[in-house]
Amino acid sequence: MIAHTQTIKKELMKSTRFFNLESKWLVLLTIGVGTFMSALDGSVVNAILPVIQAYFKTDVAAVEWVVTIYLLAVSGLLLAFGRLGDLRGNKAVYLWGFVIFVAGSALSGFAPTIGFLIAARALQAVGAAMLFSNSPAIITKTFPGAERGRALGLQGTMTYLGLTTGPFLGGWLASRFGWHAVFFINIPIGLLAVWLSWQMIPNDLPSERREKFDLFGSLAFMAGLVILLFALNRGQEWGWFSAPILGLLAAAVFILSLFVWLELRVPAPMLDLSLFRSRAFNTAAISPVLNYIGIYSLLFLMPFYLIQGRGLSPSQTGLILTAQPLAMALMAPFAGNFSDRIGAQIPTTLGMLIMSAGLFMLTRLMPETPIAYVVAGLAVSGFGSGMFVAPNNSALMGAAPRNRQGIASGVLALARNVGMALGVGLTGAVFTTMLARGQNGDPATLVRAVNGGLLFAAFTALLAALTSFARGVDFPKQAANGE
C-alpha cells in the first residue's frame with residue numbers, strides 16, 4: 001500500500017513538472033478567468049443596487065445587505081478555506097469554489113425576494129472565498145520564483161480589468177435585459193472556468209502530516225472578524241461612539257484575542273502564527289491593508305466630489321473613475337516582472353510613494369478644478385498601486401513554506417478585504433465629521449470634507465511605503481541563479 005502510494009506521488013510530481021514547463025501559462029489563463037469573473041461580479045453588483053432596490057420596492061438599508069453580506073462572508077471564510085487548501089489540496093478547494101459560486105449566481109438571478117437574494121449572495125460569497133484563498137497558492141506552486149512576480153502581476157491585471165469593466169457591463173445588462181442578467185452572465189463564464197480548471201490546473205497532493213482542521217479556531221476567527229467588519233460598516237449610520245458600536249467592537253476584540261490564544265495552543269492551528277516571525281511575511285501582510293485603505297478611501301470619496309460637488313452624471317463619474325483601475329492594470333505586469341529581477345522592496349516602496357503623491361494631488365481639489373487634473377491624480381494613484389500589488393503578493397507568497405501556501409493566500413486576500421472595510425469605515429468617519437462642521441448643502445464644505453478624507457488616505461499610503469521599505473533588501477535568489 002505504501003509503495004503504491006509512493007508510486008502515485010512520483011507520477012504526480014512528474015506530470016506536475018512537465019505541466020509547469022509546458023503549460024504553466026494555461027494555468028495562469030485559467031486562474032485569470034476566475035479572477036476576472038470574481039472582480040467583475042463585485043463591481044457589477046455595486047453598480048445596479050438602485051435598480052435592485054426599485055425592483056423589490058425595498059429601502060436602502062435592506063438593499064445594502066446585498067453587498068455587505070458578500071463582504072462579511074468572504075472575509076470571515078478566507079483563512080479557513082486557505083487552510084483547507086493546504087490540507088486537502090488547493091485545486092480541489094478551488095474547483096468546488098467555482099461550483100458553489102456558479103450555483104450562488106444562478107440562485108441570485110432567480111431570487112423572488114430581497115431576503116432570498118441576500119441569502120444567495122452569502123452562498124456566492126462562500127464560493128468566492130474558496131477561489132480567492134487558493135488562486136495565489138496555485139500560481140505560486142506552478143511558476144518558479146524567478147517568474148512568480150510576473151505571473152501574479154498578470155493575475156492582478158485581470159482583477160483590475162474586471163473592476164474596470166463591471167460598472168459599464170452591469171449598467172448595459174440591467175438596462176437591456178434586467179438586473180437578473182448581471183448574475184446569469186456568471187453561469188456560462190463560470191462553467192467554462194470550471195472545465196478549464198479541471199483540465200489545466202495540475203493535481204496537488206493533500207498534506208502528508210494528516211493534520212486536523214482547526215474548527216474552533218476557524219469559528220472564533222470568523223465570528224470575531226465578521227463582528228468587527230459589521231461594526232465598521234454600521235459605524236457611520238449608528239454613530240461611532242454609540243453603545244451598539246462600542247459593544248460590537250469590544251466583542252470583536254475579545255473573540256479575536258480568544259482566537260490568538262487558541263492558535264498558540266492547538267497542535268495544528270488554522271493560522272500558523274509562526275509565519276509572522278518572518279519580517280518578509282509580516283511586512284507583506286501589513287502593507288496591503290494600508291494600500292487598500294487608500295484605494296477604497298478614494299473609491300468611496302470621489303463619487304461624492306464628482307456627483308454632488310461638481311454636478312456630473314453617474315455615467316460621467318464612472319468614466320472618470322476608470323482612470324485609476326486602468327492605470328493599475330497597465331502597470332501591474334511590468335511591476336511583477338521588475339520585482340522578479342530586483343526583489344520587492346524597491347517597487348513596493350516606490351509604488352506606495354507614488355500612490356501617496358497621487359492622493360495628495362487630489363487633496364487640492366476645488367469646485368472648479370479641471371477634470372484633466374482629477375483624471376491625472378486618479379491615474380497617478382492607480383499607477384502607484386499597480387506598482388505595489390504584484391511585487392508585494394510575490395514577496396508574501398515566497399516567504400511562506402510550500403505546505404502553508406493556502407493559508408498565505410488566505411492572509412493575502414484577507415488583508416485586501418480588511419483594508420477595503422477599513423478604508424470605507426475610517427475615511428467615512430473623517431468625511432462625515434468634517435461635513436457636519438460646515439454648512440449643510442454647501443458644495444465648498446463637501447469638497448473640503450472630501451479633501452480631508454483624501455489626506456487621511458495619502459497618509460496611509462505613506463505608512464505603506466514605510467512598512468514596504470522595512471522588509472529589507474530581498475534580491476530574489478532564483479533570479480540571481482537564473483532559475
# chains A, B, ... in the order shown; residues from 1 in each chain; ligands from 1
call {"tool": "select_by_dssp", "arguments": {"residues": "stretch 263-439 of chain A", "states": "helix (DSSP H, G or I)", "output": "PyMOL selection string"}}
result
chain A and resi 263+273-277+279-309+314-321+323-342+345-362+371-399+402-437
call {"tool": "residues_around", "arguments": {"residues": "A:Val411", "least_positions_apart": "4", "cutoff": "8 Å", "atoms": "only C-alpha atoms", "output": "list in words"}}
result
Leu78, Leu79, Ser133, Ala285, Ile407 and Ala415 of chain A
call {"tool": "residues_around", "arguments": {"residues": "stretch 165-178 of chain A", "least_positions_apart": "3", "cutoff": "9 Å", "atoms": "only C-alpha atoms", "output": "list in words"}}
result
Ala39, Leu40, Asp41, Gly42, Ser43, Val44, Val45, Asn46, Ala47, Ile48, Val51, Tyr160, Leu161, Gly162, Ala181, Val182, Ser315, Gly318, Leu319 and Thr322 of chain A
call {"tool": "residues_around", "arguments": {"residues": "A:Leu71", "least_positions_apart": "4", "cutoff": "12 Å", "atoms": "only C-alpha atoms", "output": "PyMOL selection string"}}
result
chain A and resi 42+46+64-67+75-78+118+121-126+128-129+225-226+229-230+232-233+413-414+416-421
call {"tool": "write_last_selection", "arguments": {"atoms": "N, CA and C atoms", "output": "mmCIF file, in the first residue's frame"}}
result
data_model
loop_
_atom_site.group_PDB
_atom_site.id
_atom_site.type_symbol
_atom_site.label_atom_id
_atom_site.label_comp_id
_atom_site.auth_asym_id
_atom_site.auth_seq_id
_atom_site.Cartn_x
_atom_site.Cartn_y
_atom_site.Cartn_z
ATOM 1 N N GLY A 42 -18.178 41.689 -8.336
ATOM 2 C CA GLY A 42 -18.242 42.659 -7.248
ATOM 3 C C GLY A 42 -18.591 44.044 -7.734
ATOM 4 N N ASN A 46 -22.422 46.347 -7.348
ATOM 5 C CA ASN A 46 -22.434 47.686 -6.753
ATOM 6 C C ASN A 46 -23.108 48.697 -7.671
ATOM 7 N N GLU A 64 -28.554 47.337 0.853
ATOM 8 C CA GLU A 64 -27.124 47.392 1.171
ATOM 9 C C GLU A 64 -26.600 46.019 1.578
ATOM 10 N N TRP A 65 -27.473 45.194 2.127
ATOM 11 C CA TRP A 65 -27.045 43.866 2.570
ATOM 12 C C TRP A 65 -26.664 42.963 1.415
ATOM 13 N N VAL A 66 -27.103 43.291 0.208
ATOM 14 C CA VAL A 66 -26.686 42.524 -0.974
ATOM 15 C C VAL A 66 -25.165 42.587 -1.136
ATOM 16 N N VAL A 67 -24.589 43.738 -0.807
ATOM 17 C CA VAL A 67 -23.140 43.909 -0.855
ATOM 18 C C VAL A 67 -22.493 43.536 0.469
ATOM 19 N N SER A 75 -14.768 37.638 3.876
ATOM 20 C CA SER A 75 -13.703 37.964 4.824
ATOM 21 C C SER A 75 -13.603 36.922 5.932
ATOM 22 N N GLY A 76 -14.732 36.472 6.452
ATOM 23 C CA GLY A 76 -14.713 35.525 7.555
ATOM 24 C C GLY A 76 -14.240 34.138 7.174
ATOM 25 N N LEU A 77 -14.333 33.780 5.891
ATOM 26 C CA LEU A 77 -14.027 32.412 5.467
ATOM 27 C C LEU A 77 -12.676 32.261 4.770
ATOM 28 N N LEU A 78 -12.001 33.348 4.471
ATOM 29 C CA LEU A 78 -10.774 33.275 3.673
ATOM 30 C C LEU A 78 -9.700 32.398 4.311
ATOM 31 N N ILE A 118 -30.263 38.083 -0.751
ATOM 32 C CA ILE A 118 -29.189 38.238 0.242
ATOM 33 C C ILE A 118 -28.625 36.871 0.632
ATOM 34 N N ARG A 121 -26.536 35.540 -2.189
ATOM 35 C CA ARG A 121 -25.246 36.240 -2.232
ATOM 36 C C ARG A 121 -24.293 35.693 -1.165
ATOM 37 N N ALA A 122 -24.834 35.280 -0.023
ATOM 38 C CA ALA A 122 -23.997 34.661 1.008
ATOM 39 C C ALA A 122 -23.402 33.356 0.491
ATOM 40 N N LEU A 123 -24.220 32.543 -0.221
ATOM 41 C CA LEU A 123 -23.715 31.309 -0.813
ATOM 42 C C LEU A 123 -22.653 31.614 -1.867
ATOM 43 N N GLN A 124 -22.907 32.629 -2.671
ATOM 44 C CA GLN A 124 -21.940 33.050 -3.681
ATOM 45 C C GLN A 124 -20.619 33.451 -3.026
ATOM 46 N N ALA A 125 -20.706 34.097 -1.870
ATOM 47 C CA ALA A 125 -19.504 34.532 -1.147
ATOM 48 C C ALA A 125 -18.691 33.346 -0.643
ATOM 49 N N VAL A 126 -19.359 32.251 -0.266
ATOM 50 C CA VAL A 126 -18.632 31.046 0.153
ATOM 51 C C VAL A 126 -17.747 30.560 -0.989
ATOM 52 N N ALA A 128 -16.701 32.358 -3.552
ATOM 53 C CA ALA A 128 -15.677 33.367 -3.825
ATOM 54 C C ALA A 128 -14.514 33.256 -2.849
ATOM 55 N N ALA A 129 -14.809 32.984 -1.569
ATOM 56 C CA ALA A 129 -13.746 32.822 -0.571
ATOM 57 C C ALA A 129 -12.853 31.635 -0.914
ATOM 58 N N LEU A 225 -14.057 38.435 13.262
ATOM 59 C CA LEU A 225 -13.847 39.318 12.118
ATOM 60 C C LEU A 225 -15.170 39.848 11.569
ATOM 61 N N VAL A 226 -16.185 38.993 11.493
ATOM 62 C CA VAL A 226 -17.489 39.434 10.983
ATOM 63 C C VAL A 226 -18.074 40.516 11.887
ATOM 64 N N LEU A 229 -16.041 43.782 11.228
ATOM 65 C CA LEU A 229 -16.378 44.409 9.948
ATOM 66 C C LEU A 229 -17.802 44.962 9.958
ATOM 67 N N PHE A 230 -18.707 44.271 10.629
ATOM 68 C CA PHE A 230 -20.078 44.774 10.729
ATOM 69 C C PHE A 230 -20.109 46.092 11.500
ATOM 70 N N LEU A 232 -17.666 48.275 11.712
ATOM 71 C CA LEU A 232 -17.092 49.296 10.829
ATOM 72 C C LEU A 232 -18.080 49.712 9.750
ATOM 73 N N ASN A 233 -18.865 48.748 9.279
ATOM 74 C CA ASN A 233 -19.845 49.027 8.234
ATOM 75 C C ASN A 233 -20.991 49.899 8.741
ATOM 76 N N ALA A 413 -5.617 37.580 0.741
ATOM 77 C CA ALA A 413 -6.981 38.004 0.409
ATOM 78 C C ALA A 413 -7.645 38.702 1.599
ATOM 79 N N LEU A 414 -7.346 38.229 2.808
ATOM 80 C CA LEU A 414 -7.918 38.849 4.000
ATOM 81 C C LEU A 414 -7.413 40.276 4.178
ATOM 82 N N ARG A 416 -6.591 42.296 1.894
ATOM 83 C CA ARG A 416 -7.319 43.130 0.937
ATOM 84 C C ARG A 416 -8.703 43.483 1.460
ATOM 85 N N ASN A 417 -9.436 42.490 1.948
ATOM 86 C CA ASN A 417 -10.806 42.738 2.401
ATOM 87 C C ASN A 417 -10.862 43.616 3.637
ATOM 88 N N VAL A 418 -9.938 43.388 4.581
ATOM 89 C CA VAL A 418 -9.907 44.231 5.781
ATOM 90 C C VAL A 418 -9.565 45.664 5.401
ATOM 91 N N GLY A 419 -8.621 45.843 4.479
ATOM 92 C CA GLY A 419 -8.284 47.187 4.010
ATOM 93 C C GLY A 419 -9.466 47.879 3.354
ATOM 94 N N MET A 420 -10.236 47.117 2.564
ATOM 95 C CA MET A 420 -11.433 47.680 1.929
ATOM 96 C C MET A 420 -12.420 48.182 2.978
ATOM 97 N N ALA A 421 -12.685 47.325 3.973
ATOM 98 C CA ALA A 421 -13.655 47.704 5.010
ATOM 99 C C ALA A 421 -13.162 48.886 5.831
#
call {"tool": "closest_residue", "arguments": {"among": "A:Arg150, A:Arg402, A:Arg310, A:Arg437", "to": "A:Phe334", "atoms": "only C-alpha atoms"}}
result
A:Arg150
call {"tool": "closest_residue", "arguments": {"among": "A:Ser135, A:Thr140, A:Ser242, A:Ser218", "to": "A:Leu256", "atoms": "only C-alpha atoms"}}
result
A:Ser218
call {"tool": "closest_residue", "arguments": {"among": "A:Lys91, A:Arg448, A:Lys57, A:Arg148", "to": "A:Ala390", "atoms": "only C-alpha atoms"}}
result
A:Arg148
call {"tool": "residues_around", "arguments": {"residues": "A:Ser278", "least_positions_apart": "5", "cutoff": "9 Å", "atoms": "only C-alpha atoms", "output": "list in words"}}
result
Thr283, Ala399 and Ala400 of chain A
call {"tool": "atom_distance", "arguments": {"atom1": "atom CA of A:Gln324", "atom2": "atom CA of A:Ile286"}}
result
22.3 Å
call {"tool": "residues_around", "arguments": {"residues": "A:Ile201", "least_positions_apart": "5", "cutoff": "9 Å", "atoms": "only C-alpha atoms", "output": "ChimeraX atom specification"}}
result
/A:19,24,26-28,30-31,91,138,142,196
call {"tool": "residues_around", "arguments": {"residues": "A:Ile346", "least_positions_apart": "3", "cutoff": "10 Å", "atoms": "only C-alpha atoms", "output": "list in words"}}
result
Phe338, Ser339, Ile342, Gly343, Thr349, Leu350, Gly351, Met387, Phe388, Pro391, Ala465, Ser468, Phe469, Gly472, Val473, Asp474 and Phe475 of chain A
call {"tool": "write_last_selection", "arguments": {"atoms": "N, CA and C atoms", "output": "PDB file, in the first residue's frame"}}
result
ATOM      1  N   PHE A 338       9.436  43.271 -12.919  1.00  0.00           N
ATOM      2  CA  PHE A 338      10.508  44.065 -12.324  1.00  0.00           C
ATOM      3  C   PHE A 338      10.941  43.463 -10.996  1.00  0.00           C
ATOM      4  N   SER A 339       9.967  43.061 -10.175  1.00  0.00           N
ATOM      5  CA  SER A 339      10.292  42.507  -8.853  1.00  0.00           C
ATOM      6  C   SER A 339      10.977  41.159  -8.958  1.00  0.00           C
ATOM      7  N   ILE A 342      14.703  42.344  -9.222  1.00  0.00           N
ATOM      8  CA  ILE A 342      15.402  43.111  -8.176  1.00  0.00           C
ATOM      9  C   ILE A 342      14.797  42.932  -6.783  1.00  0.00           C
ATOM     10  N   GLY A 343      13.762  42.101  -6.656  1.00  0.00           N
ATOM     11  CA  GLY A 343      13.110  41.941  -5.361  1.00  0.00           C
ATOM     12  C   GLY A 343      11.946  42.893  -5.190  1.00  0.00           C
ATOM     13  N   THR A 349       7.929  49.976  -2.265  1.00  0.00           N
ATOM     14  CA  THR A 349       8.142  51.265  -1.596  1.00  0.00           C
ATOM     15  C   THR A 349       7.891  52.418  -2.553  1.00  0.00           C
ATOM     16  N   LEU A 350       8.459  52.325  -3.748  1.00  0.00           N
ATOM     17  CA  LEU A 350       8.271  53.382  -4.745  1.00  0.00           C
ATOM     18  C   LEU A 350       6.805  53.498  -5.148  1.00  0.00           C
ATOM     19  N   GLY A 351       6.148  52.348  -5.291  1.00  0.00           N
ATOM     20  CA  GLY A 351       4.734  52.371  -5.676  1.00  0.00           C
ATOM     21  C   GLY A 351       3.867  53.085  -4.665  1.00  0.00           C
ATOM     22  N   MET A 387       2.055  49.354  -9.194  1.00  0.00           N
ATOM     23  CA  MET A 387       3.466  49.038  -8.984  1.00  0.00           C
ATOM     24  C   MET A 387       3.674  48.254  -7.692  1.00  0.00           C
ATOM     25  N   PHE A 388       2.760  48.397  -6.744  1.00  0.00           N
ATOM     26  CA  PHE A 388       2.897  47.783  -5.427  1.00  0.00           C
ATOM     27  C   PHE A 388       2.369  46.354  -5.352  1.00  0.00           C
ATOM     28  N   PRO A 391       4.396  42.833  -6.799  1.00  0.00           N
ATOM     29  CA  PRO A 391       5.622  42.537  -6.044  1.00  0.00           C
ATOM     30  C   PRO A 391       5.358  42.177  -4.585  1.00  0.00           C
ATOM     31  N   ALA A 465       4.362  52.742   2.421  1.00  0.00           N
ATOM     32  CA  ALA A 465       5.722  52.876   1.878  1.00  0.00           C
ATOM     33  C   ALA A 465       6.757  52.549   2.954  1.00  0.00           C
ATOM     34  N   SER A 468       6.756  48.800   3.640  1.00  0.00           N
ATOM     35  CA  SER A 468       7.372  48.118   2.497  1.00  0.00           C
ATOM     36  C   SER A 468       8.886  48.237   2.543  1.00  0.00           C
ATOM     37  N   PHE A 469       9.367  49.415   2.881  1.00  0.00           N
ATOM     38  CA  PHE A 469      10.816  49.616   2.981  1.00  0.00           C
ATOM     39  C   PHE A 469      11.396  48.793   4.126  1.00  0.00           C
ATOM     40  N   GLY A 472      13.267  45.155   4.099  1.00  0.00           N
ATOM     41  CA  GLY A 472      14.693  44.951   3.867  1.00  0.00           C
ATOM     42  C   GLY A 472      14.970  44.532   2.434  1.00  0.00           C
ATOM     43  N   VAL A 473      16.247  44.464   2.098  1.00  0.00           N
ATOM     44  CA  VAL A 473      16.664  44.068   0.750  1.00  0.00           C
ATOM     45  C   VAL A 473      16.333  42.600   0.551  1.00  0.00           C
ATOM     46  N   ASP A 474      15.659  42.289  -0.545  1.00  0.00           N
ATOM     47  CA  ASP A 474      15.228  40.907  -0.773  1.00  0.00           C
ATOM     48  C   ASP A 474      15.468  40.491  -2.219  1.00  0.00           C
ATOM     49  N   PHE A 475      16.702  40.684  -2.677  1.00  0.00           N
ATOM     50  CA  PHE A 475      17.028  40.311  -4.058  1.00  0.00           C
ATOM     51  C   PHE A 475      16.747  38.823  -4.233  1.00  0.00           C
TER      52      PHE A 475
END
call {"tool": "closest_residue", "arguments": {"among": "A:Leu87, A:Ile255, A:Ile295, A:Ile320", "to": "A:Asp204", "atoms": "only C-alpha atoms"}}
result
A:Leu87
call {"tool": "atom_distance", "arguments": {"atom1": "atom CA of A:Val380", "atom2": "atom CA of A:Asn451"}}
result
16.6 Å
call {"tool": "closest_residue", "arguments": {"among": "A:Val99, A:Leu262, A:Leu248, A:Ala220", "to": "A:Gly190", "atoms": "only C-alpha atoms"}}
result
A:Val99
call {"tool": "closest_residue", "arguments": {"among": "A:Ala92, A:Val74, A:Ala429, A:Ala461", "to": "A:Tyr292", "atoms": "only C-alpha atoms"}}
result
A:Ala461
call {"tool": "atom_distance", "arguments": {"atom1": "atom CA of A:Met366", "atom2": "atom CA of A:Pro443"}}
result
9.5 Å
call {"tool": "decode", "arguments": {"residues": "stretch 341-375 of chain A", "atoms": "C-alpha atoms", "output": "compact mmCIF listing (two decimals), in the first residue's frame"}}
result
# COMPACT_ATOMS: atom_id res chain seq x y z
CA ARG A 341 14.70 40.82 -11.13
CA ILE A 342 15.40 43.11 -8.18
CA GLY A 343 13.11 41.94 -5.36
CA ALA A 344 10.02 43.52 -3.84
CA GLN A 345 11.44 46.25 -1.61
CA ILE A 346 12.12 48.89 -4.25
CA PRO A 347 8.94 48.57 -6.40
CA THR A 348 6.59 48.31 -3.40
CA THR A 349 8.14 51.26 -1.60
CA LEU A 350 8.27 53.38 -4.74
CA GLY A 351 4.73 52.37 -5.68
CA MET A 352 3.31 53.49 -2.35
CA LEU A 353 5.22 56.79 -2.51
CA ILE A 354 3.74 57.42 -5.97
CA MET A 355 0.25 56.49 -4.75
CA SER A 356 0.62 58.82 -1.79
CA ALA A 357 1.68 61.61 -4.17
CA GLY A 358 -1.37 60.97 -6.38
CA LEU A 359 -3.70 61.06 -3.39
CA PHE A 360 -2.06 64.25 -2.16
CA MET A 361 -2.64 65.79 -5.61
CA LEU A 362 -6.34 65.11 -5.12
CA THR A 363 -6.40 66.82 -1.70
CA ARG A 364 -6.04 70.11 -3.60
CA LEU A 365 -9.42 69.74 -5.32
CA MET A 366 -11.71 72.74 -5.71
CA PRO A 367 -15.24 73.02 -7.13
CA GLU A 368 -13.74 74.36 -10.38
CA THR A 369 -10.69 72.07 -10.66
CA PRO A 370 -10.17 70.94 -14.30
CA ILE A 371 -11.33 67.38 -14.92
CA ALA A 372 -7.98 66.63 -16.57
CA TYR A 373 -6.28 67.31 -13.21
CA VAL A 374 -8.71 64.90 -11.48
CA VAL A 375 -8.01 62.19 -14.06
